[in-house]
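Enquirer: My structure is stored as query_11.tsv, with TSV, C-alpha atoms and all ligand atoms.
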chain	number	residue	atom	x	y	z
A	1	MET	CA	0.00	0.00	0.00
A	2	THR	CA	1.20	3.50	-0.81
A	3	ILE	CA	2.03	5.88	2.02
A	4	SER	CA	0.50	9.18	0.93
A	5	VAL	CA	1.05	12.79	1.99
A	6	SER	CA	-2.35	12.99	3.65
A	7	ARG	CA	-5.21	10.57	4.26
A	8	PRO	CA	-8.68	12.06	4.77
A	9	HIS	CA	-10.23	8.59	4.94
A	10	ALA	CA	-8.17	7.87	8.08
A	11	GLN	CA	-9.60	11.08	9.55
A	12	TYR	CA	-13.10	9.81	8.84
A	13	LYS	CA	-12.30	6.47	10.45
A	14	SER	CA	-10.96	8.06	13.63
A	15	HIS	CA	-14.03	10.32	13.97
A	16	ALA	CA	-16.57	7.92	12.44
A	17	ALA	CA	-18.97	7.66	15.38
A	18	ALA	CA	-19.26	11.45	15.84
A	19	ILE	CA	-19.47	12.11	12.09
A	20	ASP	CA	-22.11	9.42	11.49
A	21	ALA	CA	-24.24	10.81	14.33
A	22	ALA	CA	-23.87	14.36	12.97
A	23	VAL	CA	-24.85	13.31	9.45
A	24	ARG	CA	-27.91	11.43	10.68
A	25	ARG	CA	-28.98	14.43	12.79
A	26	VAL	CA	-28.87	16.67	9.70
A	27	PHE	CA	-30.70	14.15	7.50
A	28	GLU	CA	-33.53	14.04	10.04
A	29	SER	CA	-33.56	17.78	10.68
A	30	GLU	CA	-35.34	18.96	7.52
A	31	ARG	CA	-32.97	21.91	7.51
A	32	TYR	CA	-30.11	21.57	5.04
A	33	ILE	CA	-28.90	25.10	4.35
A	34	LEU	CA	-28.22	28.01	6.78
A	35	GLY	CA	-29.64	26.30	9.84
A	36	PRO	CA	-28.67	25.60	13.46
A	37	GLU	CA	-25.65	23.42	12.66
A	38	LEU	CA	-23.98	26.29	10.80
A	39	GLU	CA	-24.88	28.79	13.51
A	40	ARG	CA	-23.34	26.56	16.18
A	41	PHE	CA	-20.27	25.79	14.13
A	42	GLU	CA	-19.70	29.50	13.45
A	43	ALA	CA	-19.93	30.19	17.19
A	44	ASP	CA	-17.66	27.25	18.14
A	45	PHE	CA	-15.06	28.13	15.52
A	46	ALA	CA	-15.08	31.82	16.52
A	47	THR	CA	-14.35	30.82	20.12
A	48	TRP	CA	-11.69	28.35	19.02
A	49	CYS	CA	-9.89	30.94	16.84
A	50	GLY	CA	-10.38	33.83	19.23
A	51	ALA	CA	-12.05	35.80	16.44
A	52	PRO	CA	-15.13	37.97	17.04
A	53	HIS	CA	-17.11	36.80	13.98
A	54	VAL	CA	-17.12	33.73	11.74
A	55	VAL	CA	-19.06	33.38	8.48
A	56	GLY	CA	-19.27	29.90	6.93
A	57	VAL	CA	-18.93	29.83	3.15
A	58	ALA	CA	-18.58	27.22	0.40
A	59	SER	CA	-14.77	27.11	0.11
A	60	GLY	CA	-11.51	28.71	1.16
A	61	THR	CA	-11.27	30.39	-2.23
A	62	ASP	CA	-14.67	32.01	-1.70
A	63	ALA	CA	-13.61	33.06	1.80
A	64	ILE	CA	-10.82	35.17	0.28
A	65	THR	CA	-13.11	36.69	-2.35
A	66	ILE	CA	-15.87	37.48	0.14
A	67	ALA	CA	-13.45	38.92	2.69
A	68	LEU	CA	-12.13	41.35	0.08
A	69	LEU	CA	-15.60	42.31	-1.19
A	70	ALA	CA	-16.90	42.78	2.37
A	71	LEU	CA	-13.96	45.09	3.08
A	72	GLY	CA	-14.89	47.13	0.01
A	73	ILE	CA	-11.98	45.96	-2.14
A	74	GLY	CA	-12.56	45.13	-5.81
A	75	PRO	CA	-11.98	46.36	-9.37
A	76	GLY	CA	-9.20	48.93	-9.68
A	77	ASP	CA	-7.58	47.88	-6.41
A	78	GLU	CA	-4.35	45.94	-5.94
A	79	VAL	CA	-3.78	43.22	-3.38
A	80	ILE	CA	-0.26	42.09	-2.47
A	81	THR	CA	0.36	38.40	-1.88
A	82	VAL	CA	2.79	35.61	-2.75
A	83	SER	CA	3.14	33.51	-5.88
A	84	HIS	CA	4.40	30.52	-3.88
A	85	THR	CA	0.96	29.36	-2.70
A	86	ALA	CA	-2.01	27.33	-3.85
A	87	VAL	CA	-3.37	29.05	-6.95
A	88	ALA	CA	-6.59	29.31	-4.94
A	89	THR	CA	-5.13	32.33	-3.11
A	90	ILE	CA	-4.72	34.19	-6.38
A	91	ALA	CA	-8.04	32.96	-7.78
A	92	GLY	CA	-9.80	34.22	-4.66
A	93	ILE	CA	-8.26	37.66	-5.07
A	94	THR	CA	-8.87	37.83	-8.83
A	95	ARG	CA	-12.54	36.87	-8.46
A	96	SER	CA	-13.13	39.93	-6.26
A	97	GLY	CA	-12.19	42.04	-9.29
A	98	ALA	CA	-8.98	43.24	-7.62
A	99	THR	CA	-5.54	42.64	-9.14
A	100	ALA	CA	-3.14	40.29	-7.37
A	101	VAL	CA	0.43	41.63	-7.14
A	102	MET	CA	2.70	38.68	-6.35
A	103	VAL	CA	5.94	39.14	-4.42
A	104	ASP	CA	8.78	36.86	-3.36
A	105	ILE	CA	9.09	34.73	-0.25
A	106	ASP	CA	11.59	34.46	2.54
A	107	PRO	CA	13.72	31.44	1.51
A	108	THR	CA	13.92	29.85	4.95
A	109	THR	CA	10.25	29.91	5.97
A	110	TRP	CA	8.70	30.09	2.48
A	111	THR	CA	6.25	32.77	3.63
A	112	ILE	CA	5.90	36.36	2.35
A	113	ASP	CA	9.05	38.49	2.39
A	114	PRO	CA	7.88	41.69	4.13
A	115	LYS	CA	10.56	43.79	2.37
A	116	ALA	CA	9.37	42.58	-1.03
A	117	ALA	CA	5.81	43.36	0.03
A	118	ALA	CA	6.82	46.89	1.10
A	119	ALA	CA	8.54	47.47	-2.25
A	120	ALA	CA	5.35	46.48	-4.10
A	121	VAL	CA	3.05	49.00	-2.38
A	122	GLY	CA	1.68	51.52	-4.85
A	123	SER	CA	-1.10	54.09	-5.02
A	124	ARG	CA	-3.73	51.45	-5.79
A	125	THR	CA	-2.69	48.94	-3.11
A	126	ARG	CA	-5.56	48.29	-0.70
A	127	ALA	CA	-4.73	45.02	1.02
A	128	ILE	CA	-2.14	42.39	1.77
A	129	VAL	CA	-2.84	38.65	1.92
A	130	PRO	CA	-0.12	36.82	3.89
A	131	VAL	CA	-0.36	33.05	3.43
A	132	HIS	CA	0.40	30.95	6.51
A	133	LEU	CA	1.93	28.34	4.25
A	134	TYR	CA	2.27	24.68	5.24
A	135	GLY	CA	0.96	25.54	8.74
A	136	GLN	CA	3.51	28.24	9.61
A	137	PRO	CA	2.33	31.81	10.35
A	138	ALA	CA	3.82	34.53	8.17
A	139	ASP	CA	5.79	37.28	9.92
A	140	MET	CA	2.70	39.06	11.20
A	141	ASP	CA	4.62	41.78	13.08
A	142	ALA	CA	6.14	42.98	9.81
A	143	VAL	CA	2.92	42.48	7.81
A	144	THR	CA	0.82	44.34	10.38
A	145	ALA	CA	3.33	47.21	10.59
A	146	LEU	CA	3.42	47.53	6.80
A	147	ALA	CA	-0.37	47.49	6.58
A	148	ARG	CA	-0.70	50.15	9.30
A	149	SER	CA	1.81	52.46	7.70
A	150	HIS	CA	-0.04	52.40	4.36
A	151	GLY	CA	-3.64	51.98	5.57
A	152	LEU	CA	-3.98	48.50	4.05
A	153	ALA	CA	-6.38	45.75	5.08
A	154	VAL	CA	-4.83	42.42	6.14
A	155	ILE	CA	-6.58	39.22	5.07
A	156	GLU	CA	-4.79	36.17	6.44
A	157	ASP	CA	-4.88	33.08	4.24
A	158	CYS	CA	-5.29	30.47	6.98
A	159	ALA	CA	-6.27	27.57	4.69
A	160	GLN	CA	-3.28	25.51	5.85
A	161	ALA	CA	-2.90	26.77	9.39
A	162	HIS	CA	-5.94	26.08	11.62
A	163	GLY	CA	-4.69	26.65	15.16
A	164	ALA	CA	-1.21	27.99	14.37
A	165	THR	CA	-0.25	30.93	16.58
A	166	TRP	CA	1.73	34.10	16.22
A	167	ARG	CA	2.97	35.43	19.59
A	168	GLY	CA	0.31	33.28	21.25
A	169	GLN	CA	-2.59	34.52	19.10
A	170	ARG	CA	-4.32	32.11	16.75
A	171	VAL	CA	-4.16	32.92	13.07
A	172	GLY	CA	-7.37	34.36	11.73
A	173	SER	CA	-7.68	36.62	14.77
A	174	ILE	CA	-4.73	38.87	13.90
A	175	GLY	CA	-5.67	40.65	10.66
A	176	ASP	CA	-8.92	42.32	9.60
A	177	ALA	CA	-10.07	38.97	8.21
A	178	GLY	CA	-8.93	35.36	7.95
A	179	ALA	CA	-9.84	32.87	5.23
A	180	PHE	CA	-10.06	29.17	6.13
A	181	SER	CA	-10.54	26.14	3.89
A	182	PHE	CA	-12.11	22.90	5.10
A	183	TYR	CA	-11.07	20.90	2.04
A	184	PRO	CA	-10.84	17.26	3.25
A	185	THR	CA	-7.04	17.16	3.58
A	186	LYS	CA	-6.83	20.32	5.71
A	187	ASN	CA	-6.03	20.20	9.44
A	188	LEU	CA	-9.77	20.67	9.98
A	189	GLY	CA	-11.33	18.98	6.96
A	190	ALA	CA	-14.94	18.46	5.92
A	191	ILE	CA	-16.17	15.57	3.77
A	192	GLY	CA	-16.56	17.80	0.77
A	193	ASP	CA	-15.84	21.47	0.18
A	194	GLY	CA	-16.20	24.16	2.81
A	195	GLY	CA	-14.68	27.37	4.09
A	196	ALA	CA	-15.10	30.18	6.58
A	197	LEU	CA	-13.97	33.71	7.14
A	198	THR	CA	-13.09	35.22	10.45
A	199	LEU	CA	-13.76	38.92	10.82
A	200	ARG	CA	-12.85	41.52	13.37
A	201	ASP	CA	-15.64	43.98	12.65
A	202	GLN	CA	-19.39	43.40	13.04
A	203	SER	CA	-20.57	45.45	10.08
A	204	THR	CA	-18.04	43.75	7.79
A	205	ALA	CA	-19.32	40.39	9.03
A	206	ALA	CA	-22.90	41.46	8.25
A	207	ARG	CA	-21.81	42.44	4.73
A	208	ALA	CA	-20.04	39.09	4.29
A	209	ARG	CA	-23.26	37.30	5.28
A	210	GLN	CA	-25.15	39.31	2.67
A	211	ILE	CA	-22.55	38.57	-0.01
A	212	ARG	CA	-22.63	34.81	0.62
A	213	GLU	CA	-26.35	34.77	-0.22
A	214	TYR	CA	-27.20	36.87	-3.28
A	215	GLY	CA	-26.57	40.16	-1.49
A	216	TRP	CA	-29.85	39.71	0.38
A	217	ASP	CA	-31.02	41.76	3.34
A	218	HIS	CA	-33.47	40.34	5.93
A	219	ASN	CA	-36.34	40.80	3.46
A	220	ARG	CA	-34.56	38.87	0.72
A	221	VAL	CA	-33.96	42.03	-1.23
A	222	SER	CA	-30.57	42.07	-2.96
A	223	GLN	CA	-28.85	45.20	-1.74
A	224	LEU	CA	-25.74	44.27	-3.69
A	225	CYS	CA	-24.74	41.66	-6.23
A	226	GLY	CA	-23.68	38.74	-4.09
A	227	LEU	CA	-22.78	35.11	-4.65
A	228	ASN	CA	-24.18	31.78	-3.62
A	229	SER	CA	-21.53	30.54	-1.21
A	230	ARG	CA	-22.94	28.83	1.85
A	231	LEU	CA	-21.40	26.23	4.15
A	232	ASP	CA	-24.18	23.61	4.16
A	233	GLU	CA	-25.63	21.99	7.27
A	234	LEU	CA	-24.03	18.60	6.60
A	235	GLN	CA	-20.50	19.99	6.36
A	236	ALA	CA	-21.09	22.32	9.33
A	237	ALA	CA	-22.28	19.37	11.46
A	238	ILE	CA	-19.27	17.27	10.42
A	239	LEU	CA	-16.88	20.11	11.21
A	240	ARG	CA	-18.54	20.63	14.61
A	241	ALA	CA	-18.06	16.95	15.33
A	242	LYS	CA	-14.35	17.13	14.47
A	243	LEU	CA	-13.45	20.50	16.01
A	244	PRO	CA	-13.05	19.18	19.61
A	245	SER	CA	-10.27	16.85	18.37
A	246	LEU	CA	-8.37	19.49	16.41
A	247	ASN	CA	-5.92	20.34	19.19
A	248	ASP	CA	-5.02	16.67	19.61
A	249	ASP	CA	-4.78	16.17	15.85
A	250	ASN	CA	-2.45	19.17	15.59
A	251	SER	CA	-0.34	17.83	18.49
A	252	ARG	CA	0.08	14.55	16.65
A	253	ARG	CA	1.28	16.48	13.57
A	254	VAL	CA	3.77	18.35	15.79
A	255	ALA	CA	5.06	15.01	17.10
A	256	VAL	CA	5.50	13.61	13.57
A	257	ALA	CA	7.32	16.78	12.51
A	258	ALA	CA	9.63	16.51	15.52
A	259	GLN	CA	10.55	12.96	14.53
A	260	TYR	CA	11.34	14.03	10.97
A	261	ALA	CA	13.43	16.92	12.26
A	262	ALA	CA	15.46	14.69	14.58
A	263	ALA	CA	15.92	11.88	12.06
A	264	LEU	CA	16.85	14.11	9.11
A	265	ALA	CA	18.92	16.75	10.91
A	266	ASP	CA	22.20	15.37	9.55
A	267	SER	CA	20.90	14.91	5.99
A	268	PRO	CA	21.67	17.35	3.15
A	269	LEU	CA	18.00	18.40	3.02
A	270	GLN	CA	16.82	21.92	3.79
A	271	LEU	CA	14.44	21.23	6.66
A	272	PRO	CA	11.51	23.46	7.58
A	273	CYS	CA	12.38	26.07	10.16
A	274	VAL	CA	9.90	27.51	12.64
A	275	ARG	CA	10.12	31.28	12.93
A	276	ALA	CA	10.62	32.72	16.43
A	277	GLY	CA	7.23	33.81	17.80
A	278	ALA	CA	5.33	31.24	15.75
A	279	SER	CA	3.80	27.88	16.49
A	280	HIS	CA	3.51	25.63	13.44
A	281	VAL	CA	0.66	23.16	12.88
A	282	TRP	CA	2.37	21.14	10.15
A	283	HIS	CA	-0.34	20.91	7.54
A	284	LEU	CA	2.58	19.77	5.39
A	285	TYR	CA	6.11	18.72	6.26
A	286	VAL	CA	8.13	20.29	3.46
A	287	VAL	CA	11.83	19.77	2.84
A	288	ALA	CA	13.90	21.09	-0.05
A	289	HIS	CA	16.73	19.74	-2.15
A	290	ALA	CA	18.19	20.45	-5.58
A	291	GLU	CA	17.68	16.78	-6.55
A	292	ARG	CA	14.00	16.88	-5.58
A	293	GLU	CA	12.80	14.84	-8.57
A	294	LEU	CA	15.36	12.05	-8.03
A	295	LEU	CA	14.48	11.86	-4.34
A	296	ARG	CA	10.79	11.78	-5.21
A	297	GLU	CA	11.35	8.87	-7.64
A	298	HIS	CA	13.41	7.05	-5.01
A	299	LEU	CA	10.51	7.37	-2.54
A	300	ALA	CA	7.91	6.38	-5.14
A	301	ALA	CA	9.86	3.18	-5.86
A	302	ARG	CA	9.48	2.37	-2.15
A	303	GLY	CA	5.72	2.97	-2.04
A	304	ILE	CA	5.85	6.54	-0.75
A	305	ALA	CA	3.91	9.19	-2.66
A	306	ALA	CA	5.59	12.45	-1.66
A	307	GLY	CA	3.95	15.65	-2.93
A	308	VAL	CA	5.08	18.96	-4.36
A	309	HIS	CA	3.43	22.11	-3.06
A	310	TYR	CA	3.74	23.76	-5.53
A	311	PRO	CA	5.54	22.82	-8.74
A	312	ARG	CA	4.53	25.94	-10.69
A	313	PRO	CA	4.41	29.38	-9.05
A	314	ALA	CA	1.07	31.11	-9.56
A	315	HIS	CA	2.56	33.88	-11.71
A	316	ARG	CA	3.79	31.20	-14.14
A	317	HIS	CA	0.29	29.88	-14.81
A	318	PRO	CA	-1.26	31.18	-18.05
A	319	ALA	CA	-4.20	32.60	-16.07
A	320	TRP	CA	-1.87	35.17	-14.45
A	321	ALA	CA	0.68	35.56	-17.22
A	322	ASN	CA	0.01	39.31	-17.33
A	323	ALA	CA	0.28	39.87	-13.57
A	324	ARG	CA	2.53	42.69	-12.39
A	325	THR	CA	5.50	40.91	-10.78
A	326	ASN	CA	9.24	41.30	-10.62
A	327	GLU	CA	11.65	38.39	-10.77
A	328	LEU	CA	10.85	36.03	-7.89
A	329	PRO	CA	14.03	33.95	-7.49
A	330	HIS	CA	13.20	32.39	-4.12
A	331	THR	CA	9.76	31.44	-5.41
A	332	ASP	CA	11.18	29.80	-8.54
A	333	ARG	CA	13.78	27.93	-6.50
A	334	ALA	CA	11.16	26.66	-4.04
A	335	ALA	CA	9.01	25.43	-6.92
A	336	ASN	CA	11.95	23.36	-8.17
A	337	GLU	CA	13.11	22.04	-4.82
A	338	VAL	CA	10.29	21.56	-2.29
A	339	LEU	CA	9.02	18.11	-1.42
A	340	SER	CA	6.17	17.29	0.99
A	341	LEU	CA	6.66	14.17	3.11
A	342	PRO	CA	3.68	12.26	4.52
A	343	ILE	CA	2.17	13.85	7.62
A	344	TYR	CA	-1.27	13.43	9.15
A	345	PRO	CA	-2.53	12.63	12.64
A	346	GLU	CA	-3.16	8.94	11.93
A	347	LEU	CA	0.24	8.30	10.29
A	348	SER	CA	1.49	5.15	12.07
A	349	GLN	CA	4.93	4.89	13.64
A	350	HIS	CA	5.58	1.97	11.28
A	351	ASP	CA	4.88	4.09	8.16
A	352	LEU	CA	6.78	7.08	9.55
A	353	ASP	CA	9.82	4.87	10.13
A	354	ILE	CA	9.57	3.59	6.55
A	355	VAL	CA	9.51	7.15	5.18
A	356	ILE	CA	12.45	8.24	7.31
A	357	ALA	CA	14.51	5.19	6.32
A	358	ALA	CA	13.67	5.71	2.64
A	359	VAL	CA	14.73	9.38	2.71
A	360	ARG	CA	17.95	8.54	4.51
A	361	SER	CA	18.74	5.69	2.12
A	362	TYR	CA	18.54	8.08	-0.85
A	363	PHE	CA	21.52	10.03	0.45
A	364	VAL	CA	23.49	6.90	1.34
A	365	GLU	CA	22.89	5.37	-2.11
A	366	SER	CA	23.54	8.58	-4.03
A	367	GLN	CA	26.93	9.19	-2.42
B	1	LIG	C1	-3.05	28.35	0.80
B	1	LIG	C2	-4.45	28.06	0.33
B	1	LIG	N1	-5.29	29.08	0.12
B	1	LIG	C3	-6.55	28.88	-0.29
B	1	LIG	C4	-7.04	27.61	-0.49
B	1	LIG	C5	-8.43	27.47	-1.03
B	1	LIG	O1	-9.24	26.59	-0.37
B	1	LIG	P1	-10.42	25.79	-1.12
B	1	LIG	O2	-9.77	24.64	-1.82
B	1	LIG	O3	-11.29	25.38	0.02
B	1	LIG	O4	-11.10	26.72	-2.04
B	1	LIG	C6	-6.22	26.50	-0.27
B	1	LIG	C7	-6.70	25.13	-0.44
B	1	LIG	O5	-6.49	24.47	-1.41
B	1	LIG	C8	-4.88	26.72	0.15
B	1	LIG	O6	-4.04	25.70	0.38
Please lay out the structure from this file as structure tokens.
Expert:
Amino acid sequence: MTISVSRPHAQYKSHAAAIDAAVRRVFESERYILGPELERFEADFATWCGAPHVVGVASGTDAITIALLALGIGPGDEVITVSHTAVATIAGITRSGATAVMVDIDPTTWTIDPKAAAAAVGSRTRAIVPVHLYGQPADMDAVTALARSHGLAVIEDCAQAHGATWRGQRVGSIGDAGAFSFYPTKNLGAIGDGGALTLRDQSTAARARQIREYGWDHNRVSQLCGLNSRLDELQAAILRAKLPSLNDDNSRRVAVAAQYAAALADSPLQLPCVRAGASHVWHLYVVAHAERELLREHLAARGIAAGVHYPRPAHRHPAWANARTNELPHTDRAANEVLSLPIYPELSQHDLDIVIAAVRSYFVESQ
């Protein structure tokens, strides 16, 4: 059997009783959209993140779009972010009508380089979207200071970082808004698509609620042109069932990461480094090496399906070929060198040992 990077089915198995009960409750409830399950999940998740308001939406991509629209950002505006991310970050920005301006990353943490972000600020810049990539918070001191000095909104892309902290504060509660994905492989994953935004301000949250449902007010009159982007009752109930285990699941990821770090410390790999002030929740355990493809083949031959997040920087996709960017050398290098090793809460010690031995054997055999 292949050892994969993530395994949502194992998540289902370890939460099966709670998930099955939640699903049955919704089936019998006669309320499938915007009902009590969503209301309770929004309240539970707000408490868990330490954010004043949570709005459940259909995906993490939509969460970014709706956060920008609710903050009044759209056509004619520029939003600074990274190219080394899931293309979803850029798609979410582009769908708001704003223009994504992609900057380089810091080569040791693979998150936004605040100096590059500062250099990209122009007269049309309205917001910055730091991505807490792989589970590691971006440098939020620098991002927040930059945003303050130019009057920019901060929308944290938290899709990979549920529960990560920056100076003790959970991501999603630091900026003006946070965008979460509940795609099944995420640290908190649904059994289908789902997302949420966290918001600091009540009136922005009210606008986000309008936008997620056709721009409706309480009388179902469209006050603005909204979307249809609702987190349905089934997914909300499943997420509520899993949320109480998220701290333990994240702790298990931390333990797996610690074993990789200890076992690979003397290897030629660039290992992930945790920035001072941050706690990392290890959505992915990403290493880097110039011979990434050879190492990947070596692992595949031993039944290990390592991943690459991401092989093509967003600005090198045809969809964003005309984006305003400078050269992004650290981004290009990461795209060529990063490799994601298996990590998920249910990863067995047996499989982890196999992965570690296989990685180590590559360097012994290639010497
Ligand atoms: C960094 C990042 N941002 C945004 C998203 C978008 O989430 P979704 O797939 O739920 O739209 C993802 C998930 O793929 C992601 O990894």
Enquirer: Just checking: using all atoms listed in the file, which residue out of A:Gly163, A:Ile304, A:Val54, A:Gln270 ends up closest to Ala358 (chain A)?
Expert: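 Result for the nearest residue to Ala358 (chain A): A:Ile304.
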Enquirer: Which value, in Å to one decimal, gives the distance between CA of Val79 (chain A) and CA of Thr109 (chain A)?
Expert: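 Those two atoms sit 21.5 Å apart.
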Enquirer: Take CA of Gly60 (chain A) and CA of Gly92 (chain A) and report the distance between them in Å, one decimal.
Expert: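 Atom-to-atom, CA of Gly60 (chain A) and CA of Gly92 (chain A) are spaced 8.2 Å apart.
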Enquirer: From the list A:Arg360, A:Arg230, A:Arg7, A:Arg200, which residue is nearest Pro52 (chain A) when using all atoms listed in the file?
Expert: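 Using all atoms listed in the file, the shortest distance to Pro52 (chain A) belongs to A:Arg200.
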Enquirer: Go through the chains and note each residue within 9 Å of ligand LIG 1 (chain B), using only C-alpha atoms and all ligand atoms, then give the set as a ChimeraX atom specification.
Expert: /A:58-64,85-92,131-134,157-161,179-186,193-196,309
Enquirer: Check the smallest atom-to-atom distance from each of A:Arg167, A:His289, A:Arg240, A:Arg31 to Ile19 (chain A) using only C-alpha atoms, then report the winner.
Expert: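 Of A:Arg167, A:His289, A:Arg240, A:Arg31, the one nearest Ile19 (chain A), counting only C-alpha atoms, is A:Arg240.
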Enquirer: Using all atoms listed in the file, I'd like a table of the residues in region 158-227 of chain A that come within 9 Å of region 138-147 of chain A; for each, show the closest atom pair and its distance in Å rounded to one decimal, ordered by chain and ascending number, as CSV.
Expert:
residue,atom,partner,partner_atom,distance
A:Trp166,CA,A:Met140,CA,7.1
A:Ile174,CA,A:Met140,CA,7.9
A:Gly175,CA,A:Thr144,CA,7.5
Enquirer: For a quick check of understanding, using only C-alpha atoms, which of A:Arg253, A:His315, A:His330, A:His350 has the smallest distance to Ala100 (chain A)?
Expert: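 Of the candidates, the smallest distance to Ala100 (chain A) is held by A:His315.
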Enquirer: Could you check how far CA of Arg324 (chain A) sits from CA of Gln136 (chain A), in Å to one decimal?
Expert: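 Rounded to one decimal, the two atoms are 26.3 Å apart.
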Enquirer: My list of candidates is A:Ala120, A:Cys225, A:Ala263, A:Leu269. Which is closest to Asn326 (chain A) when distances are computed with all atoms listed in the file?
Expert: A:Ala120
Enquirer: Counting only C-alpha atoms, which residues in region 262-326 of chain A sit no more than 12 Å from region 103-107 of chain A? For each one, give the nearest pair of atoms and the distance in Å, sorted by chain then residue number, as a tab-separated table.
Expert:
residue	atom	partner	partner_atom	distance
A:Gln270	CA	A:Pro107	CA	10.3
A:Leu271	CA	A:Pro107	CA	11.5
A:Pro272	CA	A:Pro107	CA	10.3
A:Cys273	CA	A:Pro107	CA	10.3
A:Arg275	CA	A:Asp106	CA	11.0
A:Val287	CA	A:Pro107	CA	11.9
A:Ala288	CA	A:Pro107	CA	10.5
A:Pro313	CA	A:Asp104	CA	10.4
A:Ala314	CA	A:Val103	CA	10.7
A:His315	CA	A:Val103	CA	9.6
A:Ala323	CA	A:Val103	CA	10.8
A:Arg324	CA	A:Val103	CA	9.4
A:Thr325	CA	A:Val103	CA	6.6
A:Asn326	CA	A:Val103	CA	7.3
Enquirer: Neighbours of Asp201 (chain A) within 8 Å (all atoms listed in the file; same-chain residues fewer than 3 positions away dropped), as a VMD selection string?
Expert: chain A and resid 52 to 53 176 204 to 205
Enquirer: Which residue gives the smallest distance to Leu352 (chain A) among A:Leu339, A:Val221, A:Ala258, A:Leu294, with only C-alpha atoms counted?
Expert: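 So, comparing all the options, the nearest one is A:Ala258.
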Enquirer: Give me the residues within 12 Å of region 10-14 of chain A as a list in words, counting only C-alpha atoms and dropping any in the same chain fewer than 5 places off.
Expert: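 Using only C-alpha atoms, the neighbours found are Ser4, Ile19, Asp20, Pro184, Thr185, Lys186, Asn187, Leu188, Gly189, Ala190, Ile191, Gly192, Ile238, Leu239, Ala241, Lys242, Ser245, Leu246, Asp249, Ile343, Tyr344, Pro345, Glu346, Leu347 and Ser348 of chain A.
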Enquirer: Can you tell me which residues surround Ser173 (chain A) at a distance of at most 8 Å, considering only C-alpha atoms, apart from same-chain residues fewer than 2 positions away, and format the answer as a PyMOL selection string?
Expert: chain A and resi 49-52+169-171+175-178+198-200
Enquirer: Would you mind listing what lies within 10 Å of Arg209 (chain A) as a count of residues only, with all atoms listed in the file counted and same-chain residues fewer than 4 positions away left out?
Expert: 17
Enquirer: Find the spatial neighbours of Gly168 (chain A), counting only C-alpha atoms, within a cut-off of 9 Å - ignore same-chain residues fewer than 2 positions away - and output them as a VMD selection string.
Expert: chain A and resid 164 to 166 170 277 to 279
Enquirer: Select, counting all atoms listed in the file, all protein, DNA and RNA residues no farther than 9 Å from (12.6, 6.0, -2.4) in file coordinates, and express the selection as a list of chain:residue names.
Expert: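 Neighbouring residues, ordered by chain and number, come to A:Leu294, A:Leu295, A:Arg296, A:Glu297, A:His298, A:Leu299, A:Ala300, A:Ala301, A:Arg302, A:Gly303, A:Ile304, A:Val355, A:Ala357, A:Ala358, A:Val359, A:Ser361, A:Tyr362.
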Enquirer: If I only have part of region 177-187 of chain A, can you fill in N, CA and C atoms and write it as a CSV table (one decimal), keeping the file's coordinate frame?
Expert:
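part16.csv, written as the output of this step:
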chain,number,residue,atom,x,y,z
A,177,ALA,N,-9.3,40.2,8.6
A,177,ALA,CA,-10.1,39.0,8.2
A,177,ALA,C,-9.1,37.8,8.1
A,178,GLY,N,-9.7,36.6,8.2
A,178,GLY,CA,-8.9,35.4,8.0
A,178,GLY,C,-9.8,34.5,7.1
A,179,ALA,N,-9.1,33.7,6.2
A,179,ALA,CA,-9.8,32.9,5.2
A,179,ALA,C,-9.4,31.4,5.5
A,180,PHE,N,-10.3,30.6,5.8
A,180,PHE,CA,-10.1,29.2,6.1
A,180,PHE,C,-10.7,28.3,5.1
A,181,SER,N,-10.0,27.2,4.8
A,181,SER,CA,-10.5,26.1,3.9
A,181,SER,C,-10.8,24.9,4.7
A,182,PHE,N,-11.9,24.2,4.4
A,182,PHE,CA,-12.1,22.9,5.1
A,182,PHE,C,-12.1,21.8,4.1
A,183,TYR,N,-11.3,22.0,3.0
A,183,TYR,CA,-11.1,20.9,2.0
A,183,TYR,C,-10.6,19.7,2.8
A,184,PRO,N,-11.0,18.5,2.4
A,184,PRO,CA,-10.8,17.3,3.2
A,184,PRO,C,-9.4,17.0,3.8
A,185,THR,N,-8.4,17.4,3.1
A,185,THR,CA,-7.0,17.2,3.6
A,185,THR,C,-6.6,18.2,4.6
A,186,LYS,N,-7.3,19.3,4.8
A,186,LYS,CA,-6.8,20.3,5.7
A,186,LYS,C,-6.8,19.8,7.2
A,187,ASN,N,-6.1,20.6,8.0
A,187,ASN,CA,-6.0,20.2,9.4
A,187,ASN,C,-7.4,20.0,10.0
